[in-house]
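Enquirer: What follows is structure.txt; its format and atoms are compact mmCIF, C-alpha atoms.
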# COMPACT_ATOMS: atom_id res chain seq x y z
CA MET A 1 -8.21 -19.27 -24.17
CA GLN A 2 -8.44 -21.06 -20.87
CA PRO A 3 -10.09 -19.42 -17.85
CA VAL A 4 -8.06 -18.72 -14.72
CA ALA A 5 -9.06 -20.68 -11.63
CA GLU A 6 -10.83 -18.49 -9.09
CA LEU A 7 -12.19 -18.31 -5.58
CA THR A 8 -14.92 -16.01 -4.31
CA ILE A 9 -15.43 -14.51 -0.88
CA THR A 10 -17.82 -17.36 -0.05
CA THR A 11 -15.43 -20.11 -1.23
CA MET A 12 -12.18 -18.58 0.01
CA PRO A 13 -10.45 -20.36 2.91
CA ASP A 14 -9.20 -18.52 5.99
CA ALA A 15 -6.00 -16.50 5.79
CA THR A 16 -3.74 -19.33 6.99
CA ALA A 17 -5.12 -21.85 4.49
CA LEU A 18 -5.07 -19.28 1.70
CA ALA A 19 -1.42 -18.45 2.39
CA ALA A 20 -0.55 -22.15 2.26
CA MET A 21 -2.45 -22.48 -1.03
CA LEU A 22 -0.59 -19.55 -2.61
CA ALA A 23 2.78 -20.72 -1.31
CA ASN A 24 2.37 -23.94 -3.29
CA ALA A 25 0.53 -22.52 -6.32
CA GLU A 26 2.15 -23.03 -9.72
CA ALA A 27 -0.57 -21.35 -11.78
CA PRO A 28 -2.48 -18.04 -11.54
CA LEU A 29 -5.44 -17.76 -9.21
CA VAL A 30 -8.14 -15.07 -8.96
CA LEU A 31 -9.51 -14.04 -5.56
CA ARG A 32 -12.80 -12.34 -6.40
CA GLY A 33 -13.81 -9.43 -4.19
CA LEU A 34 -10.94 -9.79 -1.69
CA CYS A 35 -10.26 -6.01 -1.73
CA ARG A 36 -13.80 -4.84 -2.43
CA ASP A 37 -14.12 -3.05 0.94
CA TRP A 38 -10.83 -1.14 0.73
CA PRO A 39 -11.19 2.67 0.84
CA LEU A 40 -9.69 3.21 -2.63
CA THR A 41 -11.95 0.58 -4.17
CA GLN A 42 -15.04 2.10 -2.60
CA ALA A 43 -14.03 5.61 -3.66
CA GLY A 44 -13.56 4.39 -7.21
CA LEU A 45 -17.08 2.97 -7.22
CA GLN A 46 -18.34 6.47 -6.40
CA SER A 47 -16.51 8.41 -9.13
CA PRO A 48 -13.07 9.02 -10.66
CA ALA A 49 -12.94 12.37 -8.85
CA ALA A 50 -13.53 10.67 -5.50
CA VAL A 51 -10.70 8.17 -5.86
CA LEU A 52 -8.24 10.75 -7.18
CA ALA A 53 -9.07 13.07 -4.28
CA LEU A 54 -8.38 10.21 -1.86
CA LEU A 55 -5.09 9.43 -3.61
CA GLN A 56 -4.01 13.05 -3.33
CA GLY A 57 -4.69 12.81 0.40
CA TYR A 58 -2.34 9.82 0.59
CA SER A 59 0.33 11.45 -1.60
CA ALA A 60 3.65 12.60 -0.15
CA GLY A 61 3.59 15.51 -2.59
CA LEU A 62 6.42 14.18 -4.77
CA ALA A 63 6.45 14.38 -8.55
CA VAL A 64 5.74 11.01 -10.19
CA SER A 65 6.92 9.49 -13.45
CA ALA A 66 4.17 9.67 -16.08
CA CYS A 67 3.86 8.62 -19.72
CA TYR A 68 1.77 10.32 -22.38
CA LEU A 69 0.62 8.12 -25.26
CA PRO A 70 -0.55 9.91 -28.45
CA PRO A 71 -3.92 8.83 -29.90
CA GLU A 72 -2.34 6.79 -32.70
CA ASN A 73 -0.87 4.37 -30.14
CA HIS A 74 -4.33 3.28 -28.99
CA GLY A 75 -2.98 2.98 -25.45
CA ARG A 76 -0.18 0.56 -26.37
CA VAL A 77 3.00 1.19 -24.35
CA PHE A 78 5.75 0.01 -26.69
CA TYR A 79 8.81 0.89 -28.77
CA ASN A 80 8.88 3.42 -31.58
CA LYS A 81 8.96 2.13 -35.16
CA ASP A 82 12.73 1.63 -35.47
CA PHE A 83 13.24 0.44 -31.86
CA SER A 84 15.55 3.36 -31.12
CA GLY A 85 13.30 4.49 -28.25
CA PHE A 86 9.73 4.31 -27.05
CA ASN A 87 6.38 5.42 -28.48
CA TYR A 88 5.46 7.65 -25.54
CA GLN A 89 6.67 10.83 -23.90
CA GLY A 90 7.72 10.33 -20.32
CA GLY A 91 8.97 12.43 -17.44
CA PRO A 92 8.27 13.75 -13.95
CA LEU A 93 4.89 15.34 -13.28
CA PRO A 94 3.36 16.74 -10.08
CA PHE A 95 0.80 14.20 -8.92
CA ALA A 96 -1.93 16.84 -8.70
CA ASP A 97 -1.31 17.69 -12.38
CA LEU A 98 -1.58 14.01 -13.31
CA CYS A 99 -4.93 13.80 -11.53
CA GLN A 100 -6.14 16.92 -13.31
CA ARG A 101 -5.25 15.45 -16.70
CA LEU A 102 -6.96 12.16 -15.89
CA LEU A 103 -10.17 14.04 -15.09
CA ASP A 104 -10.04 16.15 -18.24
CA PRO A 105 -12.76 14.91 -20.68
CA ALA A 106 -10.54 16.01 -23.57
CA LEU A 107 -8.10 13.17 -22.80
CA SER A 108 -10.53 10.35 -23.56
CA ALA A 109 -12.18 12.32 -26.35
CA SER A 110 -8.82 12.60 -28.13
CA GLY A 111 -8.02 8.91 -27.82
CA ALA A 112 -4.76 9.72 -26.04
CA SER A 113 -3.71 8.06 -22.79
CA ILE A 114 -1.70 9.03 -19.74
CA TYR A 115 -0.19 6.45 -17.45
CA MET A 116 1.78 6.28 -14.20
CA GLY A 117 3.63 2.97 -14.05
CA SER A 118 4.96 1.12 -11.03
CA THR A 119 5.33 3.69 -8.21
CA GLU A 120 6.39 2.48 -4.77
CA ILE A 121 3.82 3.53 -2.17
CA GLY A 122 6.18 3.74 0.81
CA GLN A 123 7.91 6.78 -0.65
CA TYR A 124 5.20 8.33 -2.80
CA PHE A 125 1.91 7.36 -1.10
CA PRO A 126 2.77 6.36 2.48
CA GLY A 127 -0.82 6.80 3.67
CA ILE A 128 -2.09 3.90 1.58
CA ARG A 129 -0.43 1.02 3.40
CA GLU A 130 -2.24 1.29 6.75
CA GLN A 131 -5.73 1.00 5.24
CA HIS A 132 -4.95 -1.35 2.35
CA GLN A 133 -3.22 -4.44 3.70
CA LEU A 134 -3.18 -8.11 2.73
CA PRO A 135 -2.14 -10.78 5.29
CA LEU A 136 1.20 -11.21 3.54
CA ASP A 137 3.09 -12.05 6.73
CA LEU A 138 1.65 -15.57 6.42
CA LEU A 139 3.31 -16.11 3.01
CA PRO A 140 7.00 -17.11 2.91
CA GLY A 141 9.05 -14.05 1.97
CA ALA A 142 6.01 -11.87 1.31
CA ALA A 143 6.20 -9.80 4.49
CA GLN A 144 8.92 -7.78 2.70
CA ALA A 145 6.84 -7.35 -0.47
CA LEU A 146 7.44 -4.31 -2.66
CA VAL A 147 4.04 -2.61 -2.91
CA SER A 148 3.51 -0.36 -5.92
CA ILE A 149 0.65 1.59 -7.46
CA TRP A 150 -0.30 1.82 -11.17
CA LEU A 151 -2.67 4.57 -12.28
CA GLY A 152 -3.89 5.76 -15.63
CA SER A 153 -6.45 5.89 -18.40
CA LYS A 154 -6.83 3.13 -20.99
CA SER A 155 -3.55 1.34 -21.70
CA ARG A 156 -2.07 -1.87 -23.04
CA ILE A 157 1.10 -3.25 -21.48
CA ALA A 158 3.01 -5.74 -23.65
CA ALA A 159 3.39 -9.30 -22.38
CA HIS A 160 6.37 -9.65 -20.05
CA TYR A 161 7.45 -11.70 -17.04
CA ASP A 162 8.65 -10.78 -13.55
CA PHE A 163 10.94 -12.83 -11.34
CA PRO A 164 9.00 -12.12 -8.11
CA HIS A 165 5.57 -13.52 -7.32
CA ASN A 166 2.80 -10.92 -7.54
CA LEU A 167 -0.53 -10.34 -5.83
CA ALA A 168 -2.15 -7.72 -8.06
CA CYS A 169 -5.11 -5.93 -6.46
CA ASN A 170 -7.40 -4.33 -9.02
CA LEU A 171 -8.99 -1.41 -7.18
CA VAL A 172 -10.51 0.87 -9.85
CA GLY A 173 -11.69 0.05 -13.36
CA HIS A 174 -11.44 -3.29 -15.11
CA ARG A 175 -8.24 -5.00 -16.25
CA ARG A 176 -7.85 -7.89 -18.63
CA PHE A 177 -4.88 -10.17 -18.02
CA THR A 178 -3.67 -12.62 -20.66
CA LEU A 179 -1.25 -15.07 -19.07
CA PHE A 180 1.17 -17.69 -20.34
CA PRO A 181 3.29 -20.34 -18.59
CA PRO A 182 7.05 -19.66 -18.60
CA ASP A 183 7.71 -22.34 -21.23
CA GLN A 184 5.83 -20.26 -23.81
CA VAL A 185 8.73 -17.82 -24.19
CA VAL A 186 9.64 -19.38 -27.56
CA ASN A 187 6.14 -18.57 -28.86
CA LEU A 188 6.01 -14.99 -27.55
CA TYR A 189 8.94 -13.49 -29.46
CA PRO A 190 10.68 -11.36 -26.81
CA GLY A 191 12.22 -8.08 -27.92
CA PRO A 192 15.52 -6.36 -27.02
CA MET A 193 17.10 -7.23 -23.69
CA GLU A 194 19.08 -3.99 -23.40
CA PHE A 195 16.05 -1.78 -22.77
CA ALA A 196 12.29 -2.17 -22.64
CA PRO A 197 9.30 0.07 -21.84
CA GLY A 198 9.01 -1.21 -18.28
CA GLY A 199 12.59 -2.41 -17.88
CA GLN A 200 11.73 -6.09 -18.48
CA ASP A 201 11.86 -7.92 -21.84
CA VAL A 202 8.49 -7.71 -23.63
CA SER A 203 6.77 -9.68 -26.36
CA LEU A 204 6.87 -8.05 -29.79
CA VAL A 205 3.36 -9.27 -30.63
CA ASP A 206 0.56 -6.71 -30.72
CA PHE A 207 -2.21 -8.65 -28.98
CA ALA A 208 -4.87 -6.38 -30.47
CA ALA A 209 -3.79 -7.24 -34.03
CA PRO A 210 -1.36 -10.17 -34.03
CA ASP A 211 0.65 -10.62 -37.22
CA PHE A 212 0.69 -14.40 -37.61
CA ASN A 213 2.86 -14.17 -40.73
CA ARG A 214 5.61 -12.47 -38.75
CA PHE A 215 4.94 -14.36 -35.50
CA PRO A 216 3.52 -17.75 -36.56
CA ARG A 217 4.22 -19.52 -33.26
CA PHE A 218 2.05 -17.02 -31.36
CA SER A 219 -0.96 -19.21 -32.19
CA GLN A 220 0.63 -21.92 -30.04
CA ALA A 221 1.00 -19.44 -27.18
CA LEU A 222 -2.68 -18.55 -27.43
CA ALA A 223 -3.62 -22.24 -27.23
CA ALA A 224 -1.62 -22.53 -24.00
CA GLY A 225 -2.73 -19.17 -22.57
CA PHE A 226 -5.17 -18.06 -19.89
CA GLN A 227 -7.32 -14.94 -19.74
CA VAL A 228 -9.29 -13.19 -17.03
CA THR A 229 -10.91 -9.78 -16.52
CA LEU A 230 -10.70 -8.31 -13.03
CA ALA A 231 -13.47 -6.13 -11.61
CA PRO A 232 -12.90 -3.57 -8.82
CA GLY A 233 -11.87 -5.41 -5.66
CA ASP A 234 -10.55 -8.55 -7.39
CA VAL A 235 -7.03 -9.87 -6.79
CA LEU A 236 -4.88 -11.92 -9.16
CA PHE A 237 -2.02 -14.10 -7.94
CA MET A 238 0.69 -14.50 -10.60
CA PRO A 239 3.48 -16.97 -9.88
CA SER A 240 7.07 -16.07 -10.59
CA MET A 241 8.06 -15.99 -14.29
CA TRP A 242 4.54 -16.20 -15.76
CA TRP A 243 4.16 -13.96 -18.82
CA HIS A 244 1.30 -11.47 -18.61
CA HIS A 245 -0.22 -8.94 -21.00
CA VAL A 246 -2.30 -6.29 -19.18
CA GLU A 247 -5.07 -4.09 -20.57
CA ALA A 248 -6.59 -1.28 -18.51
CA LEU A 249 -10.09 -1.04 -19.97
CA ASP A 250 -11.79 1.95 -18.33
CA GLU A 251 -11.25 5.71 -18.41
CA LEU A 252 -9.62 5.47 -14.97
CA ASN A 253 -7.78 2.40 -13.67
CA LEU A 254 -5.89 1.76 -10.44
CA LEU A 255 -3.84 -1.32 -9.54
CA LEU A 256 -1.86 -2.15 -6.40
CA THR A 257 0.85 -4.78 -6.87
CA HIS A 258 2.76 -6.81 -4.27
CA TRP A 259 6.04 -8.32 -5.50
CA TRP A 260 8.08 -10.72 -3.41
CA ARG A 261 10.56 -13.57 -3.76
CA ASP A 262 10.54 -16.70 -1.63
CA THR A 263 14.34 -16.93 -1.45
CA PRO A 264 16.61 -14.48 0.39
CA ALA A 265 17.73 -11.42 -1.56
CA TYR A 266 21.38 -12.25 -0.82
CA LEU A 267 21.13 -15.12 -3.30
CA GLY A 268 21.06 -12.57 -6.12
CA ARG A 269 19.01 -12.08 -9.29
CA PRO A 270 18.69 -14.99 -11.75
CA ASN A 271 18.69 -12.48 -14.65
CA ASN A 272 22.36 -11.82 -13.95
CA ALA A 273 23.17 -15.51 -14.41
CA LEU A 274 21.29 -15.51 -17.73
CA LEU A 275 23.22 -12.50 -19.02
CA ASN A 276 26.55 -14.03 -18.00
CA ALA A 277 25.59 -17.30 -19.72
CA MET A 278 24.78 -15.36 -22.89
CA LEU A 279 28.24 -13.83 -22.76
CA SER A 280 30.21 -16.99 -22.02
CA ILE A 281 28.20 -20.01 -23.24
CA ARG A 282 25.72 -19.04 -25.96
CA HIS A 283 28.33 -18.78 -28.75
CA LEU A 284 30.29 -21.94 -27.96
CA PRO A 285 30.24 -24.84 -30.43
CA LYS A 286 27.27 -27.16 -30.05
CA ALA A 287 29.23 -29.95 -28.35
CA GLN A 288 30.56 -27.56 -25.72
CA ARG A 289 27.10 -26.06 -25.12
CA LYS A 290 25.80 -29.60 -24.57
CA ALA A 291 28.58 -30.23 -22.07
CA TRP A 292 27.69 -27.09 -20.15
CA GLN A 293 24.02 -28.02 -20.32
CA ALA A 294 24.88 -31.28 -18.56
CA LEU A 295 26.74 -29.39 -15.83
CA PHE A 296 23.85 -26.95 -15.38
CA ASP A 297 21.40 -29.85 -15.20
CA TYR A 298 23.54 -31.54 -12.55
CA TYR A 299 24.29 -28.51 -10.38
CA ILE A 300 21.22 -26.32 -11.00
CA PHE A 301 18.18 -27.78 -12.75
CA ALA A 302 17.83 -31.34 -11.48
CA ASP A 303 14.91 -31.96 -9.12
CA GLU A 304 17.58 -32.64 -6.50
CA PRO A 305 20.61 -30.60 -7.64
CA GLY A 306 23.82 -32.57 -7.27
CA GLY A 307 27.17 -31.86 -5.72
CA GLY A 308 28.45 -31.81 -2.16
CA ALA A 309 26.40 -34.54 -0.53
CA GLU A 310 29.33 -36.95 -0.51
CA LEU A 311 31.65 -34.41 1.12
CA PRO A 312 32.05 -33.71 4.86
CA GLU A 313 29.93 -30.71 5.77
CA ALA A 314 32.98 -28.59 6.53
CA ALA A 315 34.32 -29.23 3.01
CA GLN A 316 31.14 -28.54 1.06
CA GLY A 317 31.88 -24.84 0.56
CA LEU A 318 29.99 -23.44 -2.44
CA LEU A 319 28.18 -26.77 -2.84
CA ARG A 320 26.36 -26.37 0.48
CA GLN A 321 22.57 -26.41 0.14
CA PRO A 322 21.00 -24.07 0.86
CA LEU A 323 23.68 -21.40 0.76
CA ASP A 324 23.91 -19.35 3.92
CA GLU A 325 24.42 -15.61 3.64
CA THR A 326 28.15 -15.74 4.43
CA THR A 327 28.84 -18.33 1.73
CA ALA A 328 26.59 -16.48 -0.73
CA ARG A 329 28.56 -13.27 -0.21
CA ALA A 330 31.82 -15.15 -0.68
CA LEU A 331 30.48 -16.58 -3.95
CA ARG A 332 29.40 -13.12 -5.11
CA SER A 333 32.92 -11.79 -4.43
CA LEU A 334 34.43 -14.69 -6.33
CA ILE A 335 32.18 -13.99 -9.34
CA ILE A 336 33.11 -10.29 -9.33
CA GLN A 337 36.82 -11.18 -9.22
CA LYS A 338 36.49 -13.56 -12.16
CA LEU A 339 34.47 -11.07 -14.23
CA GLN A 340 37.25 -8.50 -13.82
CA ARG A 341 39.87 -10.75 -15.45
Kindly return the structure encoded in the file as structure tokens.

Expert:
Amino acid sequence: MQPVAELTITTMPDATALAAMLANAEAPLVLRGLCRDWPLTQAGLQSPAAVLALLQGYSAGLAVSACYLPPENHGRVFYNKDFSGFNYQGGPLPFADLCQRLLDPALSASGASIYMGSTEIGQYFPGIREQHQLPLDLLPGAAQALVSIWLGSKSRIAAHYDFPHNLACNLVGHRRFTLFPPDQVVNLYPGPMEFAPGGQDVSLVDFAAPDFNRFPRFSQALAAGFQVTLAPGDVLFMPSMWWHHVEALDELNLLLTHWWRDTPAYLGRPNNALLNAMLSIRHLPKAQRKAWQALFDYYIFADEPGGGAELPEAAQGLLRQPLDETTARALRSLIIQKLQR
């Protein structure tokens, strides 16, 4: 697989230049050692007990959502055999109890895993933000980033994509990321859309033991893929919509993610448009699908989307580019009205 491009502390530009680089990046980029001096990173270099004690000091005292993976799963967070549910037991757990279980030698000895997925720090760990900050105000849209923490023992998260951009700060342990451009979706065999282990569609392929008879096109994904292992203090930038499979490799692993979009939230979620298209377009005859494809290309996917330029500004309405918030809200109301018919 291809290596991910990277910068080190000695080759990294200043914050302004780095923000400009990330704003225009269309591929992943590793920033080696960018968070090496953060308190959580340094505590993790001392011992698992040290970093968990620091985390408990930051904690708001709320129960967190945790997943227990039996030994036979080998850390893989996935569906059960008949896809009627998941292969782990999940539920709320006092954070102090989670820390105690992570420090218990019996956990790793058994081969089982315990994992706390995306947990927003503002509500659950408000003390973290002040001492663990990236200069995100220089990146378009990133000042409002959703910052979340991921904590657990060894785990494997199935390949999936996220709509927002992500700056993933690896603070404790090592993580291996396997990444694929968005156009590799056809070779990654996504599973059910109705529900998924992390809420987002995931690849059905077990990366530890890929079944090329069942998933023959996965070999093409591997040829187009990238892979990198992050050490404590490293940061990975993942552009919007890139697929990523994540392996937490050590007995204790801690990740801090920063998700943001570079368009206003009032413009809505693209996933909703995909679902509506599945309902209304996917099952049309081929000729009609082609006709709608032409309209989507014209209004949506062209390098310079069409429509409205020939009209007086006051008459452009929904064709105005970019949509202002008032027009966007009017369009949202119109969509809701039409869906209710």

Enquirer: Got a sec: who's within 8 Å of Gly111 in chain A, counting only C-alpha atoms, leaving out chain neighbours fewer than 4 positions off, as a VMD selection string?

Expert: chain A and resid 70 to 72 74 107

Enquirer: Listing only residues of range 173-279 of chain A within 8 Å of range 127-145 of chain A, what is the closest atom pair and its distance in Å (to one decimal) for each, using all atoms listed in the file, sorted by chain and residue number ascending, as a tab-separated table?

Expert:
residue	atom	partner	partner_atom	distance
A:His258	CA	A:Ala145	CA	5.6
A:Trp259	CA	A:Ala145	CA	5.2
A:Trp260	CA	A:Ala145	CA	4.6
A:Arg261	CA	A:Gly141	CA	5.9
A:Asp262	CA	A:Gly141	CA	4.7
A:Thr263	CA	A:Gly141	CA	6.9
A:Pro264	CA	A:Gly141	CA	7.7

Enquirer: Every residue with an atom at most 9 Å from (-10.9, -6.2, -2.1) (file coordinates; all atoms listed in the file) is what I'm after, so could you write them as a VMD selection string?

Expert: chain A and resid 31 to 38 41 132 169 to 171 232 to 235

Enquirer: Between A:Met278, A:Leu255, A:Met238, A:Ala223, which has the minimum distance to Glu26 in chain A (counting all atoms listed in the file)?

Expert: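 Among A:Met278, A:Leu255, A:Met238, A:Ala223, it is A:Met238 that comes nearest to Glu26 in chain A.
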
Enquirer: List every protein, DNA or RNA residue with an atom no more than 12 Å from (-11.1, 9.8, -4.0) in the file's coordinates, counting all atoms listed in the file, and format the result as a list in words.

Expert: Trp38, Pro39, Leu40, Thr41, Gln42, Ala43, Gly44, Leu45, Gln46, Ser47, Pro48, Ala49, Ala50, Val51, Leu52, Ala53, Leu54, Leu55, Gln56, Gly57, Tyr58, Ser59, Cys99, Leu103, Leu171, Val172, Leu252 and Leu254 of chain A

Enquirer: Using all atoms listed in the file, what table do you get, as a tab-separated table, when you list each residue of range 161-217 of chain A with an atom no more than 6 Å from range 243-246 of chain A, its nearest pair of atoms, and their distance in Å rounded to one decimal, rows by chain then rising number?

Expert:
residue	atom	partner	partner_atom	distance
A:Tyr161	CA	A:Trp243	CA	4.4
A:Arg176	CA	A:Val246	CA	5.8
A:Phe177	CA	A:Val246	CA	4.8
A:Thr178	CA	A:His245	CA	5.1
A:Leu179	CA	A:His244	CA	4.4
A:Phe180	CA	A:Trp243	CA	5.0

Enquirer: Residues at most 9 Å from Leu319 in chain A, counting only C-alpha atoms, excluding those fewer than 5 positions away in the same chain, as a PyMOL selection string?

Expert: chain A and resi 299+306-309

Enquirer: Kindly indicate which residue among A:Gln89, A:Ser65, A:Ser84, A:Asn213 lies nearest to Ala112 in chain A, using all atoms listed in the file for the distances.

Expert: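 When distances to Ala112 in chain A are compared using all atoms listed in the file, the smallest one comes from A:Gln89.
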
Enquirer: Go through A:Thr11, A:Ile114, A:Asn276, A:Leu311 and flag the residue nearest Val77 in chain A, using all atoms listed in the file for the distances.

Expert: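 Looking only at the distances to Val77 in chain A, the closest residue turns out to be A:Ile114.
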
Enquirer: Measuring atom to atom with all atoms listed in the file, identify which of A:Val185, A:Cys67, A:Ile281, A:Leu334 is nearest to Leu93 in chain A.

Expert: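 Counting all atoms listed in the file, the residue closest to Leu93 in chain A is A:Cys67.
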
Enquirer: Just need the box for range 74-89 of chain A, edges along x, y and z, holding every atom the file lists for it with 5 Å tacked onto each side, so centre and edge lengths in Å to one decimal, as lines of an AutoDock Vina configuration file.

Expert:
center_x = 5.6
center_y = 5.4
center_z = -29.7
size_x = 29.9
size_y = 20.8
size_z = 21.6

Enquirer: Check the smallest atom-to-atom distance from each of A:His160, A:Arg329, A:His165, A:His174 to Ser203 in chain A using all atoms listed in the file, then report the winner.

Expert: A:His160

Enquirer: Considering only C-alpha atoms, return as a PyMOL selection string whatever protein or nucleic-acid residues lie within 9 Å of range 220-222 of chain A, sequence-local ones (same chain, fewer than 3 positions apart) excluded.

Expert: chain A and resi 1+180-181+184-188+216-217+225-226

Enquirer: Could the residues in this selection be written to a file with C-alpha atoms, as a PDB file, in the coordinates of the input?

Expert:
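Just written: selection.pdb:
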ATOM      1  CA  MET A   1      -8.210 -19.270 -24.170  1.00  0.00           C
ATOM      2  CA  PHE A 180       1.170 -17.690 -20.340  1.00  0.00           C
ATOM      3  CA  PRO A 181       3.290 -20.340 -18.590  1.00  0.00           C
ATOM      4  CA  GLN A 184       5.830 -20.260 -23.810  1.00  0.00           C
ATOM      5  CA  VAL A 185       8.730 -17.820 -24.190  1.00  0.00           C
ATOM      6  CA  VAL A 186       9.640 -19.380 -27.560  1.00  0.00           C
ATOM      7  CA  ASN A 187       6.140 -18.570 -28.860  1.00  0.00           C
ATOM      8  CA  LEU A 188       6.010 -14.990 -27.550  1.00  0.00           C
ATOM      9  CA  PRO A 216       3.520 -17.750 -36.560  1.00  0.00           C
ATOM     10  CA  ARG A 217       4.220 -19.520 -33.260  1.00  0.00           C
ATOM     11  CA  GLY A 225      -2.730 -19.170 -22.570  1.00  0.00           C
ATOM     12  CA  PHE A 226      -5.170 -18.060 -19.890  1.00  0.00           C
TER      13      PHE A 226
END

Enquirer: What does the structure give for the distance between CA of Glu247 in chain A and CA of Tyr68 in chain A, in Å to one decimal?

Expert: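 So the answer is 16.1 Å.
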
Enquirer: Could you tell me which of A:Arg156, A:Arg76, A:Arg101, A:Arg332 comes closest to Leu267 in chain A if we count all atoms listed in the file?

Expert: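 The answer is A:Arg332, which sits nearest to Leu267 in chain A.
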
Enquirer: Interatomic distance between CA of Leu167 in chain A and CA of Ser155 in chain A?

Expert: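 Value for the CA of Leu167 in chain A-CA of Ser155 in chain A distance: 19.9 Å.
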
Enquirer: Please report the interatomic distance between CA of Phe83 in chain A and CA of Ala208 in chain A in Å with one decimal.

Expert: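 Between CA of Phe83 in chain A and CA of Ala208 in chain A the gap is 19.4 Å.
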